[in-house]
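See below for input22.cif, which holds mmCIF, C-alpha atoms.
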data_work
#
loop_
_atom_site.label_atom_id
_atom_site.label_comp_id
_atom_site.auth_asym_id
_atom_site.auth_seq_id
_atom_site.Cartn_x
_atom_site.Cartn_y
_atom_site.Cartn_z
CA MET A 1 -9.75 21.48 17.56
CA THR A 2 -8.42 18.09 16.49
CA ALA A 3 -6.60 18.23 13.15
CA ASP A 4 -7.97 16.15 10.31
CA LEU A 5 -7.95 16.23 6.51
CA LEU A 6 -10.42 19.13 6.40
CA THR A 7 -8.47 21.39 8.74
CA LEU A 8 -5.23 20.63 6.89
CA ALA A 9 -6.83 21.51 3.54
CA GLN A 10 -8.22 24.73 4.97
CA ALA A 11 -4.72 25.74 6.06
CA ALA A 12 -3.22 25.22 2.58
CA PRO A 13 -2.89 28.07 0.03
CA PRO A 14 -6.26 28.12 -1.81
CA ASP A 15 -4.66 28.66 -5.23
CA ALA A 16 -2.23 25.74 -4.82
CA ALA A 17 -2.98 22.56 -6.75
CA LEU A 18 -4.25 19.77 -4.52
CA LEU A 19 -4.63 17.18 -7.29
CA MET A 20 -3.54 16.59 -10.87
CA ASP A 21 -5.32 13.78 -12.71
CA ALA A 22 -6.83 12.98 -16.09
CA ASP A 23 -9.54 15.59 -15.46
CA GLY A 24 -6.99 18.35 -14.88
CA ALA A 25 -5.98 20.38 -11.84
CA LEU A 26 -8.03 20.74 -8.66
CA THR A 27 -6.92 23.51 -6.31
CA TYR A 28 -7.37 23.45 -2.55
CA GLY A 29 -9.78 26.36 -2.80
CA ALA A 30 -11.88 24.71 -5.50
CA ALA A 31 -12.02 21.43 -3.58
CA LEU A 32 -13.20 23.15 -0.41
CA ALA A 33 -15.71 25.28 -2.33
CA GLN A 34 -17.23 22.13 -3.82
CA ALA A 35 -17.08 19.83 -0.81
CA VAL A 36 -17.76 21.95 2.27
CA PRO A 37 -21.14 23.48 1.29
CA LEU A 38 -22.30 20.05 0.13
CA GLY A 39 -21.21 18.50 3.41
CA GLU A 40 -22.98 21.20 5.39
CA SER A 41 -26.18 20.46 3.46
CA TRP A 42 -25.85 16.81 4.53
CA ARG A 43 -25.29 17.65 8.19
CA ASP A 44 -28.85 17.03 9.41
CA GLY A 45 -28.84 13.56 7.86
CA VAL A 46 -25.36 12.24 8.67
CA GLN A 47 -23.91 14.17 11.62
CA GLY A 48 -22.83 11.74 14.31
CA ARG A 49 -23.55 8.76 12.08
CA ARG A 50 -21.41 6.20 10.29
CA ALA A 51 -21.24 7.00 6.57
CA LEU A 52 -19.85 4.59 3.98
CA LEU A 53 -17.92 6.46 1.29
CA ARG A 54 -17.48 4.35 -1.84
CA VAL A 55 -14.71 5.70 -4.06
CA GLY A 56 -12.75 4.66 -7.12
CA SER A 57 -10.42 7.62 -7.63
CA ALA A 58 -8.24 9.98 -5.65
CA ARG A 59 -10.39 12.95 -6.70
CA ASN A 60 -13.60 11.42 -5.38
CA ALA A 61 -11.88 10.21 -2.22
CA LEU A 62 -10.57 13.68 -1.43
CA LEU A 63 -13.85 15.47 -2.16
CA GLY A 64 -15.93 12.83 -0.40
CA MET A 65 -13.83 12.84 2.76
CA LEU A 66 -13.83 16.65 2.91
CA ALA A 67 -17.63 16.73 2.48
CA LEU A 68 -18.31 14.09 5.13
CA GLN A 69 -15.96 15.73 7.61
CA ALA A 70 -17.79 19.03 7.05
CA ALA A 71 -21.01 17.08 7.72
CA GLY A 72 -19.70 15.72 11.01
CA ALA A 73 -19.92 12.05 10.01
CA GLN A 74 -17.59 9.16 10.72
CA ILE A 75 -16.16 7.96 7.41
CA PHE A 76 -16.07 4.28 6.48
CA LEU A 77 -13.93 4.19 3.32
CA LEU A 78 -14.49 1.45 0.73
CA ASP A 79 -13.35 0.76 -2.84
CA ILE A 80 -16.34 1.26 -5.11
CA ASN A 81 -15.58 -1.95 -7.03
CA ARG A 82 -16.04 -4.17 -4.00
CA SER A 83 -19.23 -6.18 -4.19
CA ASP A 84 -19.80 -6.62 -0.45
CA ALA A 85 -20.93 -3.07 0.36
CA ASN A 86 -24.50 -4.00 1.40
CA ARG A 87 -23.23 -6.68 3.77
CA LEU A 88 -20.70 -4.31 5.31
CA VAL A 89 -23.39 -1.64 5.81
CA LYS A 90 -25.42 -4.08 7.89
CA ALA A 91 -22.44 -5.60 9.70
CA HIS A 92 -21.11 -2.23 10.87
CA GLY A 93 -24.30 -0.31 11.60
CA VAL A 94 -23.73 2.23 8.82
CA GLY A 95 -26.48 4.84 8.56
CA ALA A 96 -25.66 6.51 5.24
CA VAL A 97 -23.90 5.67 1.97
CA VAL A 98 -22.24 8.05 -0.52
CA ASN A 99 -21.53 6.50 -3.93
CA THR A 100 -19.07 8.39 -6.13
CA ARG A 101 -19.01 6.26 -9.30
CA ASP A 102 -20.20 9.26 -11.33
CA GLY A 103 -18.48 11.90 -9.20
CA LEU A 104 -19.43 13.44 -5.89
CA PRO A 105 -23.24 13.21 -5.66
CA GLN A 106 -25.54 15.92 -4.35
CA ARG A 107 -27.32 13.46 -2.10
CA PHE A 108 -26.50 10.51 0.10
CA HIS A 109 -28.45 7.30 0.63
CA ARG A 110 -29.93 7.01 4.10
CA PHE A 111 -30.19 3.58 5.69
CA PRO A 112 -32.30 3.85 8.85
CA MET A 113 -32.06 0.50 10.54
CA ARG A 114 -32.51 -1.04 13.94
CA GLY A 115 -28.85 -1.97 14.21
CA GLU A 116 -27.43 1.44 13.31
CA GLN A 117 -24.53 2.50 15.50
CA PRO A 118 -23.35 6.02 16.37
CA GLY A 119 -20.30 7.37 14.59
CA ASP A 120 -17.08 8.80 16.01
CA GLY A 121 -15.91 11.64 13.78
CA ALA A 122 -12.44 11.50 15.34
CA GLN A 123 -11.89 8.15 13.65
CA LEU A 124 -11.61 6.99 10.04
CA VAL A 125 -12.36 3.38 9.13
CA PHE A 126 -11.14 1.44 6.10
CA PHE A 127 -11.37 -2.23 5.22
CA THR A 128 -8.79 -4.95 4.71
CA SER A 129 -9.07 -6.93 1.47
CA GLY A 130 -10.44 -10.08 3.08
CA THR A 131 -8.21 -12.30 0.93
CA THR A 132 -7.23 -14.31 4.02
CA GLY A 133 -10.63 -14.27 5.72
CA GLU A 134 -13.46 -11.95 6.68
CA PRO A 135 -12.71 -8.30 5.80
CA LYS A 136 -11.81 -6.34 8.92
CA ALA A 137 -12.80 -2.73 9.53
CA VAL A 138 -9.62 -1.01 10.73
CA ALA A 139 -10.29 2.15 12.76
CA HIS A 140 -7.63 4.86 13.05
CA ARG A 141 -7.86 8.11 14.93
CA TRP A 142 -7.04 11.09 12.76
CA GLU A 143 -4.21 12.02 15.11
CA THR A 144 -2.45 8.69 14.44
CA LEU A 145 -2.96 9.06 10.69
CA LEU A 146 -1.52 12.58 10.72
CA ALA A 147 1.37 12.00 13.14
CA PRO A 148 3.73 10.19 10.68
CA ALA A 149 3.40 12.96 8.07
CA ARG A 150 6.70 14.77 7.57
CA ARG A 151 5.97 18.49 7.49
CA ASP A 152 8.71 20.59 5.97
CA ALA A 153 8.77 23.92 4.10
CA ARG A 154 10.72 22.26 1.28
CA TYR A 155 7.70 20.07 0.50
CA ALA A 156 5.36 23.01 -0.11
CA GLY A 157 4.17 23.01 -3.71
CA THR A 158 5.95 19.74 -4.56
CA ARG A 159 4.32 17.00 -6.64
CA TRP A 160 3.83 13.46 -5.35
CA LEU A 161 2.84 10.47 -7.46
CA GLY A 162 0.20 8.34 -5.76
CA SER A 163 0.00 4.76 -6.98
CA PHE A 164 -1.74 3.26 -3.93
CA PRO A 165 -5.57 3.38 -3.83
CA PRO A 166 -6.92 5.98 -1.40
CA THR A 167 -8.95 3.26 0.34
CA LEU A 168 -5.78 1.60 1.69
CA TYR A 169 -3.50 2.77 4.50
CA ALA A 170 -0.62 3.51 2.14
CA GLY A 171 -2.85 5.65 -0.07
CA LEU A 172 -4.33 7.49 2.91
CA GLN A 173 -0.87 8.15 4.33
CA LEU A 174 0.22 9.73 1.07
CA LEU A 175 -2.91 11.91 0.93
CA VAL A 176 -2.15 13.15 4.44
CA GLN A 177 1.52 13.79 3.58
CA VAL A 178 0.48 15.84 0.55
CA VAL A 179 -2.25 17.89 2.23
CA ALA A 180 -0.20 18.54 5.38
CA ASN A 181 2.40 20.29 3.22
CA GLY A 182 0.11 22.09 0.78
CA ALA A 183 1.60 19.89 -1.94
CA THR A 184 0.05 18.26 -5.03
CA LEU A 185 -1.03 14.66 -5.51
CA VAL A 186 -0.49 13.39 -9.06
CA ALA A 187 -2.79 10.48 -9.90
CA PRO A 188 -1.74 8.35 -12.91
CA PRO A 189 -4.49 7.36 -15.38
CA ASP A 190 -3.76 3.61 -15.09
CA ASN A 191 -1.06 1.12 -14.14
CA ASP A 192 0.63 0.88 -17.54
CA PRO A 193 4.35 1.56 -16.99
CA ARG A 194 4.64 3.67 -20.15
CA ALA A 195 1.69 5.85 -19.11
CA ILE A 196 3.15 6.26 -15.62
CA ALA A 197 6.55 7.16 -17.06
CA ALA A 198 4.87 9.85 -19.18
CA VAL A 199 3.07 11.29 -16.14
CA LEU A 200 6.28 11.37 -14.09
CA ALA A 201 8.05 13.28 -16.85
CA ASP A 202 5.22 15.57 -17.99
CA GLN A 203 4.12 16.56 -14.48
CA HIS A 204 7.68 16.96 -13.17
CA VAL A 205 6.96 14.70 -10.20
CA GLU A 206 9.45 15.06 -7.35
CA TYR A 207 8.36 12.27 -4.98
CA ALA A 208 6.75 8.93 -5.68
CA ALA A 209 5.45 6.15 -3.42
CA ALA A 210 4.71 2.69 -4.79
CA SER A 211 5.19 -1.03 -4.30
CA PRO A 212 8.39 -2.85 -5.30
CA THR A 213 6.37 -4.55 -8.07
CA PHE A 214 5.46 -1.09 -9.42
CA TRP A 215 9.10 0.03 -9.48
CA ARG A 216 10.29 -3.22 -11.02
CA ARG A 217 7.81 -2.82 -13.89
CA LEU A 218 8.66 0.82 -14.40
CA LEU A 219 12.36 0.01 -14.65
CA ARG A 220 11.71 -2.83 -17.12
CA PHE A 221 9.00 -1.35 -19.32
CA GLY A 222 8.85 2.42 -18.67
CA GLY A 223 11.68 3.50 -20.92
CA PRO A 224 14.87 5.38 -20.00
CA ALA A 225 14.97 6.33 -16.32
CA GLU A 226 16.86 9.54 -17.13
CA GLN A 227 13.66 10.75 -18.83
CA TRP A 228 10.91 9.80 -16.38
CA GLY A 229 13.14 10.18 -13.33
CA ALA A 230 14.77 13.51 -14.14
CA SER A 231 12.72 15.57 -11.66
CA LEU A 232 12.51 12.94 -8.91
CA ARG A 233 14.07 13.70 -5.54
CA GLY A 234 12.82 10.78 -3.48
CA VAL A 235 11.09 7.44 -4.03
CA THR A 236 9.67 5.04 -1.48
CA LEU A 237 8.87 1.35 -1.69
CA GLY A 238 6.22 -0.22 0.52
CA GLY A 239 3.57 -2.87 0.79
CA GLU A 240 5.90 -5.82 0.17
CA ALA A 241 9.53 -6.70 0.75
CA ALA A 242 12.11 -4.85 -1.35
CA ASP A 243 14.84 -7.18 -2.64
CA GLN A 244 18.47 -6.18 -3.02
CA THR A 245 18.50 -6.50 -6.81
CA LEU A 246 15.70 -3.95 -7.13
CA LEU A 247 17.23 -1.55 -4.61
CA ASP A 248 20.58 -1.72 -6.39
CA GLU A 249 18.98 -1.05 -9.77
CA LEU A 250 16.95 1.90 -8.49
CA CYS A 251 20.02 3.46 -6.88
CA ALA A 252 22.10 2.89 -10.03
CA ARG A 253 19.53 4.26 -12.50
CA LEU A 254 18.40 7.12 -10.25
CA PRO A 255 21.68 8.14 -8.60
CA HIS A 256 20.36 11.60 -7.67
CA VAL A 257 17.31 10.20 -5.83
CA ARG A 258 16.91 9.14 -2.20
CA VAL A 259 15.55 5.59 -2.20
CA SER A 260 13.68 4.43 0.93
CA HIS A 261 11.65 1.40 1.80
CA ILE A 262 8.95 1.76 4.42
CA PHE A 263 7.40 -0.78 6.76
CA ALA A 264 3.76 0.03 7.50
CA THR A 265 0.53 -1.93 7.80
CA SER A 266 -3.16 -1.17 8.16
CA GLU A 267 -3.15 -2.19 11.81
CA HIS A 268 0.29 -0.95 12.87
CA GLY A 269 0.42 2.28 10.88
CA ARG A 270 3.79 3.59 9.76
CA CYS A 271 6.55 1.86 11.72
CA PHE A 272 9.97 2.63 10.22
CA ALA A 273 11.82 3.55 7.05
CA VAL A 274 15.18 2.28 5.77
CA HIS A 275 17.39 4.60 3.71
CA ASP A 276 20.72 2.77 3.46
CA GLY A 277 20.05 0.99 0.16
CA GLN A 278 20.16 -2.45 1.79
CA ALA A 279 17.33 -4.98 1.90
CA GLY A 280 15.78 -5.62 5.30
CA PHE A 281 16.85 -3.49 8.25
CA PRO A 282 19.76 -3.37 10.74
CA ALA A 283 19.60 -6.06 13.43
CA ASP A 284 20.62 -3.55 16.09
CA TRP A 285 17.21 -1.92 15.65
CA LEU A 286 15.67 -4.91 17.44
CA ASN A 287 14.43 -4.19 20.97
CA HIS A 288 15.46 -0.52 20.81
CA PRO A 289 13.18 2.50 20.37
CA LEU A 290 13.16 3.75 16.77
CA GLN A 291 11.73 6.94 15.33
CA ASP A 292 8.69 8.13 17.31
CA GLY A 293 9.28 5.32 19.86
CA VAL A 294 8.26 2.37 17.66
CA MET A 295 9.91 -0.92 18.70
CA VAL A 296 10.50 -4.17 16.80
CA GLN A 297 11.51 -7.66 17.87
CA THR A 298 11.45 -11.23 16.61
CA ARG A 299 9.57 -14.13 18.15
CA ASP A 300 9.82 -17.60 16.64
CA ASP A 301 11.18 -16.13 13.39
CA GLN A 302 8.25 -13.73 13.07
CA LEU A 303 8.45 -9.94 13.28
CA TRP A 304 6.53 -8.26 16.10
CA ILE A 305 5.88 -4.53 16.41
CA ARG A 306 5.03 -2.27 19.31
CA PRO A 307 3.52 0.53 17.25
CA VAL A 308 3.03 4.18 18.10
CA HIS A 309 0.76 5.10 15.19
CA GLY A 310 -1.33 1.93 15.28
CA MET A 311 -5.05 1.49 14.89
CA ALA A 312 -7.58 2.31 17.59
CA GLY A 313 -9.02 -1.16 17.05
CA TYR A 314 -11.33 -3.06 14.73
CA ALA A 315 -14.66 -1.27 14.26
CA GLY A 316 -16.48 -4.57 13.91
CA GLY A 317 -15.23 -5.92 17.21
CA ALA A 318 -12.79 -8.43 15.71
CA ALA A 319 -10.21 -9.70 18.18
CA ASP A 320 -6.95 -7.77 18.32
CA ALA A 321 -3.77 -9.87 18.62
CA GLN A 322 -2.04 -7.21 20.75
CA ASP A 323 -0.46 -8.60 23.92
CA ASP A 324 -0.51 -6.97 27.35
CA ALA A 325 2.68 -5.01 26.60
CA GLY A 326 1.30 -3.54 23.38
CA TRP A 327 3.15 -5.84 20.95
CA ARG A 328 1.41 -7.12 17.83
CA PRO A 329 2.48 -9.84 15.36
CA THR A 330 2.98 -8.64 11.79
CA GLY A 331 2.64 -12.01 10.05
CA ASP A 332 6.04 -11.49 8.40
CA ARG A 333 8.65 -14.26 8.57
CA VAL A 334 12.20 -12.97 9.05
CA ALA A 335 15.75 -14.24 9.43
CA VAL A 336 18.57 -12.51 11.34
CA ALA A 337 22.06 -12.92 9.90
CA GLU A 338 25.19 -10.83 9.38
CA GLY A 339 23.78 -7.88 11.26
CA ARG A 340 20.63 -7.67 9.15
CA VAL A 341 16.98 -8.65 9.59
CA ARG A 342 15.84 -10.06 6.26
CA PHE A 343 12.23 -10.60 5.20
CA LEU A 344 11.34 -14.11 4.05
CA GLY A 345 7.67 -13.54 3.20
CA ARG A 346 4.28 -13.60 4.81
CA ASP A 347 3.57 -16.40 7.26
CA GLY A 348 0.85 -17.84 5.01
CA GLU A 349 3.08 -17.73 1.92
CA MET A 350 5.73 -20.15 3.18
CA ILE A 351 5.84 -23.37 1.13
CA ASN A 352 5.88 -26.63 3.11
CA VAL A 353 7.79 -29.16 0.99
CA GLY A 354 7.86 -32.45 2.86
CA GLY A 355 8.40 -30.66 6.16
CA HIS A 356 10.92 -28.17 4.76
CA LYS A 357 9.84 -24.52 4.96
CA VAL A 358 10.70 -22.75 1.71
CA ALA A 359 10.58 -18.94 1.60
CA PRO A 360 9.31 -17.76 -1.81
CA LEU A 361 11.26 -14.51 -1.56
CA ASP A 362 14.55 -16.39 -1.15
CA VAL A 363 13.87 -18.38 -4.33
CA GLU A 364 12.83 -15.25 -6.20
CA ARG A 365 16.02 -13.43 -5.17
CA VAL A 366 18.14 -16.16 -6.74
CA LEU A 367 16.14 -16.57 -9.93
CA ALA A 368 15.57 -12.85 -10.53
CA ALA A 369 19.33 -12.49 -11.03
CA VAL A 370 19.20 -14.67 -14.18
CA PRO A 371 19.65 -12.39 -17.22
CA GLY A 372 16.43 -11.92 -19.17
CA VAL A 373 14.03 -12.07 -16.21
CA ALA A 374 11.72 -9.05 -15.97
CA GLU A 375 9.57 -10.43 -13.13
CA ILE A 376 9.27 -13.71 -11.29
CA LEU A 377 6.81 -14.98 -8.70
CA VAL A 378 7.23 -18.18 -6.65
CA TYR A 379 4.35 -19.84 -4.81
CA GLY A 380 3.22 -23.21 -3.50
CA ARG A 381 1.12 -25.78 -5.37
CA PRO A 382 -0.51 -28.88 -3.88
CA SER A 383 1.36 -32.17 -4.07
CA GLN A 384 0.13 -35.63 -3.03
CA VAL A 385 3.70 -36.65 -2.26
CA THR A 386 5.24 -33.68 -0.41
CA GLY A 387 2.19 -31.63 0.55
CA GLU A 388 3.37 -28.70 -1.57
CA ILE A 389 5.86 -28.01 -4.33
CA PRO A 390 7.32 -24.66 -5.44
CA ALA A 391 6.01 -23.23 -8.71
CA ALA A 392 7.14 -20.14 -10.61
CA ASP A 393 5.56 -17.65 -13.01
CA VAL A 394 8.11 -15.82 -15.17
CA VAL A 395 7.80 -12.64 -17.22
CA PRO A 396 10.62 -12.42 -19.80
CA ALA A 397 12.26 -9.07 -20.47
CA PRO A 398 11.40 -7.48 -23.83
CA GLY A 399 12.93 -9.44 -26.70
CA VAL A 400 13.79 -12.52 -24.59
CA ASP A 401 12.55 -15.93 -25.72
CA GLY A 402 10.44 -17.52 -22.99
CA GLU A 403 11.42 -21.13 -23.58
CA ALA A 404 15.12 -20.34 -23.70
CA LEU A 405 14.75 -18.33 -20.49
CA LEU A 406 13.04 -21.25 -18.74
CA ALA A 407 15.96 -23.49 -19.63
CA GLU A 408 18.40 -21.00 -18.08
CA LEU A 409 16.23 -20.66 -14.97
CA LYS A 410 16.09 -24.40 -14.45
CA ARG A 411 19.87 -24.62 -14.75
CA ALA A 412 20.30 -21.80 -12.24
CA ALA A 413 17.84 -23.39 -9.82
CA HIS A 414 19.64 -26.73 -9.95
CA ALA A 415 23.02 -25.09 -9.44
CA THR A 416 22.14 -22.70 -6.62
CA LEU A 417 19.02 -23.85 -4.75
CA PRO A 418 18.53 -26.81 -2.40
CA PRO A 419 16.30 -29.56 -3.87
CA GLN A 420 13.20 -28.60 -1.88
CA ALA A 421 13.38 -24.98 -3.10
CA ARG A 422 13.65 -25.71 -6.83
CA PRO A 423 10.41 -24.93 -8.68
CA ARG A 424 8.76 -28.05 -10.11
CA GLN A 425 6.22 -26.19 -12.22
CA TRP A 426 7.04 -23.25 -14.49
CA ARG A 427 4.89 -20.85 -16.50
CA VAL A 428 5.84 -18.07 -18.88
CA VAL A 429 3.29 -15.25 -18.49
CA GLU A 430 2.89 -11.79 -20.04
CA ALA A 431 2.46 -10.08 -16.65
CA LEU A 432 2.11 -11.01 -13.01
CA ALA A 433 -1.26 -10.51 -11.38
CA VAL A 434 -1.30 -7.67 -8.87
CA ASN A 435 -3.78 -6.72 -6.15
CA ALA A 436 -5.32 -3.33 -5.42
CA ALA A 437 -2.16 -2.15 -3.68
CA GLY A 438 0.00 -2.96 -6.71
CA LYS A 439 1.61 -5.94 -4.99
CA ALA A 440 2.29 -9.19 -6.81
CA GLN A 441 -0.59 -11.56 -6.08
CA ARG A 442 0.49 -15.11 -5.38
CA PRO A 443 -2.00 -17.62 -6.83
CA THR A 444 -4.20 -19.43 -4.31
CA GLN A 445 -4.04 -23.18 -4.10
CA ASP A 446 -6.80 -25.15 -5.77
#

Before we go any further, please render this structure as structure tokens.
Amino acid sequence: MTADLLTLAQAAPPDAALLMDADGALTYGAALAQAVPLGESWRDGVQGRRALLRVGSARNALLGMLALQAAGAQIFLLDINRSDANRLVKAHGVGAVVNTRDGLPQRFHRFPMRGEQPGDGAQLVFFTSGTTGEPKAVAHRWETLLAPARRDARYAGTRWLGSFPPTLYAGLQLLVQVVANGATLVAPPDNDPRAIAAVLADQHVEYAAASPTFWRRLLRFGGPAEQWGASLRGVTLGGEAADQTLLDELCARLPHVRVSHIFATSEHGRCFAVHDGQAGFPADWLNHPLQDGVMVQTRDDQLWIRPVHGMAGYAGGAADAQDDAGWRPTGDRVAVAEGRVRFLGRDGEMINVGGHKVAPLDVERVLAAVPGVAEILVYGRPSQVTGEIPAADVVPAPGVDGEALLAELKRAAHATLPPQARPRQWRVVEALAVNAAGKAQRPTQD
């Protein structure tokens, strides 16, 4: 029988805690006792069909997926706060919908329709955000979702903080890692750094996965790291590029912790992890098989991947950019220098200043080193003269005067950055906007 989330949960000790959240502990046995009979009662209505599972919490995601797998349905996973559910139901031939806003319901909504399509229970589908176009339905086979999980006896019974939503690849990968080892997922109540710091300390969390933006905020606003990080053994950074300043600070303030940054995407799955404390990855990894046989290369200053744990395809039939040899573009701009491949930013984030390509991450690396900066975000704004100009949003560290900090930043920019890379517009803000994955959200041009 093909392994999936249900079979992994059934193999875990029933008295072990699967989840710790604001509602308390949920054991593996209790989760299965709640979800499996419910799923079996749904079987006549959803078996072999596509079922849209709308979730807003890790608890509801876990229970909903277990129930629908017991029912024999193919799961289409969607954040409950997205407003395009009805359109996606029609676009993807979904035959049933399970809404979990008020917890796992006793019934599902049936949508008999002429365009309904059969489901493949061996696959799970989740949706991209659609911020750069039409949302895509990314289909993964359970075997490719499970393969990157690191199974080890030392992980049994450990506690893992999950900051990524369960409707995204990073969140799903963490769920699989936890369940495959009979471990416990700890879900924080919100994104406030002080609340997260309290959860890390109170729940004695040993492993935590989050975005660089998450870790930067925790270091700045979460209080002493020796308190919230005392029980940590390993932390991972993913979802966006990890800069050297952040990696150095994490290693310095958590000297007993293994710090890793992971490259993974919805389409490519988990590709590789870097553990040496340096930003980017070694250039000698290019064009050589890495862990599990994944390969990476650069083409025209963009990173390409030949994945091993990649998607089965787009459920909606969207075109796949994979070439005949199995390589796919990542959309990440990179530079190779001094034996290192360094990330410059997403292809669509590059700022075109009069024909000069400015990488926001390069500007941020320079300006983040100015004392008093808690967070900084650089992005492009329209210009009638140059096409675009760099702009910057700055979050001062606690107790730092914003206007005085701006003056220091402008001096640093003039002294260290080429003219085209110097921000022309500056804003002091209380916090940077983040997306569902906890990544800093660059403002769109208007």

Expand the PyMOL selection byres ((chain A and resi 45) around 10) into the individual residues it matches in the shown file, reporting them as a PDB file with C-alpha atoms, keeping the file's coordinate frame.
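This went into out25.pdb:
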ATOM      1  CA  GLU A  40     -22.980  21.200   5.390  1.00  0.00           C
ATOM      2  CA  SER A  41     -26.180  20.460   3.460  1.00  0.00           C
ATOM      3  CA  TRP A  42     -25.850  16.810   4.530  1.00  0.00           C
ATOM      4  CA  ARG A  43     -25.290  17.650   8.190  1.00  0.00           C
ATOM      5  CA  ASP A  44     -28.850  17.030   9.410  1.00  0.00           C
ATOM      6  CA  VAL A  46     -25.360  12.240   8.670  1.00  0.00           C
ATOM      7  CA  GLN A  47     -23.910  14.170  11.620  1.00  0.00           C
ATOM      8  CA  GLY A  48     -22.830  11.740  14.310  1.00  0.00           C
ATOM      9  CA  ARG A  49     -23.550   8.760  12.080  1.00  0.00           C
ATOM     10  CA  ALA A  71     -21.010  17.080   7.720  1.00  0.00           C
ATOM     11  CA  GLY A  72     -19.700  15.720  11.010  1.00  0.00           C
ATOM     12  CA  ALA A  73     -19.920  12.050  10.010  1.00  0.00           C
ATOM     13  CA  GLY A  95     -26.480   4.840   8.560  1.00  0.00           C
ATOM     14  CA  ALA A  96     -25.660   6.510   5.240  1.00  0.00           C
ATOM     15  CA  PHE A 108     -26.500  10.510   0.100  1.00  0.00           C
ATOM     16  CA  HIS A 109     -28.450   7.300   0.630  1.00  0.00           C
ATOM     17  CA  ARG A 110     -29.930   7.010   4.100  1.00  0.00           C
TER      18      ARG A 110
END

So how far away is atom CA of A:Tyr314 from atom CA of A:Met65, in Å? 20.1 Å

I want to know what sits within 12 Å of A:His140, based on all atoms listed in the file, with residues of the same chain fewer than 5 positions away left out; could you give that as a ChimeraX atom specification? /A:4,74-77,120-127,145-147,168-169,172-173,265-270,308-315

Convert the output of the PyMOL selection byres ((chain A and resi 243-251) around 10) on the shown file into explicit residues, formatted as a compact mmCIF listing (two decimals) with C-alpha atoms, in the frame of the given file.
# COMPACT_ATOMS: atom_id res chain seq x y z
CA PRO A 212 8.39 -2.85 -5.30
CA THR A 213 6.37 -4.55 -8.07
CA TRP A 215 9.10 0.03 -9.48
CA ARG A 216 10.29 -3.22 -11.02
CA LEU A 219 12.36 0.01 -14.65
CA ALA A 225 14.97 6.33 -16.32
CA VAL A 235 11.09 7.44 -4.03
CA LEU A 237 8.87 1.35 -1.69
CA GLU A 240 5.90 -5.82 0.17
CA ALA A 241 9.53 -6.70 0.75
CA ALA A 242 12.11 -4.85 -1.35
CA ALA A 252 22.10 2.89 -10.03
CA ARG A 253 19.53 4.26 -12.50
CA LEU A 254 18.40 7.12 -10.25
CA PRO A 255 21.68 8.14 -8.60
CA HIS A 256 20.36 11.60 -7.67
CA VAL A 257 17.31 10.20 -5.83
CA ARG A 258 16.91 9.14 -2.20
CA VAL A 259 15.55 5.59 -2.20
CA SER A 260 13.68 4.43 0.93
CA HIS A 261 11.65 1.40 1.80
CA ASP A 276 20.72 2.77 3.46
CA GLY A 277 20.05 0.99 0.16
CA GLN A 278 20.16 -2.45 1.79
CA ALA A 279 17.33 -4.98 1.90
CA GLY A 280 15.78 -5.62 5.30
CA ARG A 342 15.84 -10.06 6.26
CA PHE A 343 12.23 -10.60 5.20
CA LEU A 361 11.26 -14.51 -1.56
CA ASP A 362 14.55 -16.39 -1.15
CA GLU A 364 12.83 -15.25 -6.20
CA ARG A 365 16.02 -13.43 -5.17
CA VAL A 366 18.14 -16.16 -6.74
CA ALA A 368 15.57 -12.85 -10.53
CA ALA A 369 19.33 -12.49 -11.03

Nearby residues (all atoms listed in the file) at most 9 Å from stretch 386-396 of chain A, same-chain spacing under 4 positions excluded, as an MDAnalysis selection string: chainID A and resid 351:355 358 360 364 372:382 400:402 405:406 420:432

Go ahead and save the picked residues with C-alpha atoms, as a compact mmCIF listing (two decimals), in the frame of the given file.
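Listing of out34.txt after writing:
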# COMPACT_ATOMS: atom_id res chain seq x y z
CA ILE A 351 5.84 -23.37 1.13
CA ASN A 352 5.88 -26.63 3.11
CA VAL A 353 7.79 -29.16 0.99
CA GLY A 354 7.86 -32.45 2.86
CA GLY A 355 8.40 -30.66 6.16
CA VAL A 358 10.70 -22.75 1.71
CA PRO A 360 9.31 -17.76 -1.81
CA GLU A 364 12.83 -15.25 -6.20
CA GLY A 372 16.43 -11.92 -19.17
CA VAL A 373 14.03 -12.07 -16.21
CA ALA A 374 11.72 -9.05 -15.97
CA GLU A 375 9.57 -10.43 -13.13
CA ILE A 376 9.27 -13.71 -11.29
CA LEU A 377 6.81 -14.98 -8.70
CA VAL A 378 7.23 -18.18 -6.65
CA TYR A 379 4.35 -19.84 -4.81
CA GLY A 380 3.22 -23.21 -3.50
CA ARG A 381 1.12 -25.78 -5.37
CA PRO A 382 -0.51 -28.88 -3.88
CA VAL A 400 13.79 -12.52 -24.59
CA ASP A 401 12.55 -15.93 -25.72
CA GLY A 402 10.44 -17.52 -22.99
CA LEU A 405 14.75 -18.33 -20.49
CA LEU A 406 13.04 -21.25 -18.74
CA GLN A 420 13.20 -28.60 -1.88
CA ALA A 421 13.38 -24.98 -3.10
CA ARG A 422 13.65 -25.71 -6.83
CA PRO A 423 10.41 -24.93 -8.68
CA ARG A 424 8.76 -28.05 -10.11
CA GLN A 425 6.22 -26.19 -12.22
CA TRP A 426 7.04 -23.25 -14.49
CA ARG A 427 4.89 -20.85 -16.50
CA VAL A 428 5.84 -18.07 -18.88
CA VAL A 429 3.29 -15.25 -18.49
CA GLU A 430 2.89 -11.79 -20.04
CA ALA A 431 2.46 -10.08 -16.65
CA LEU A 432 2.11 -11.01 -13.01
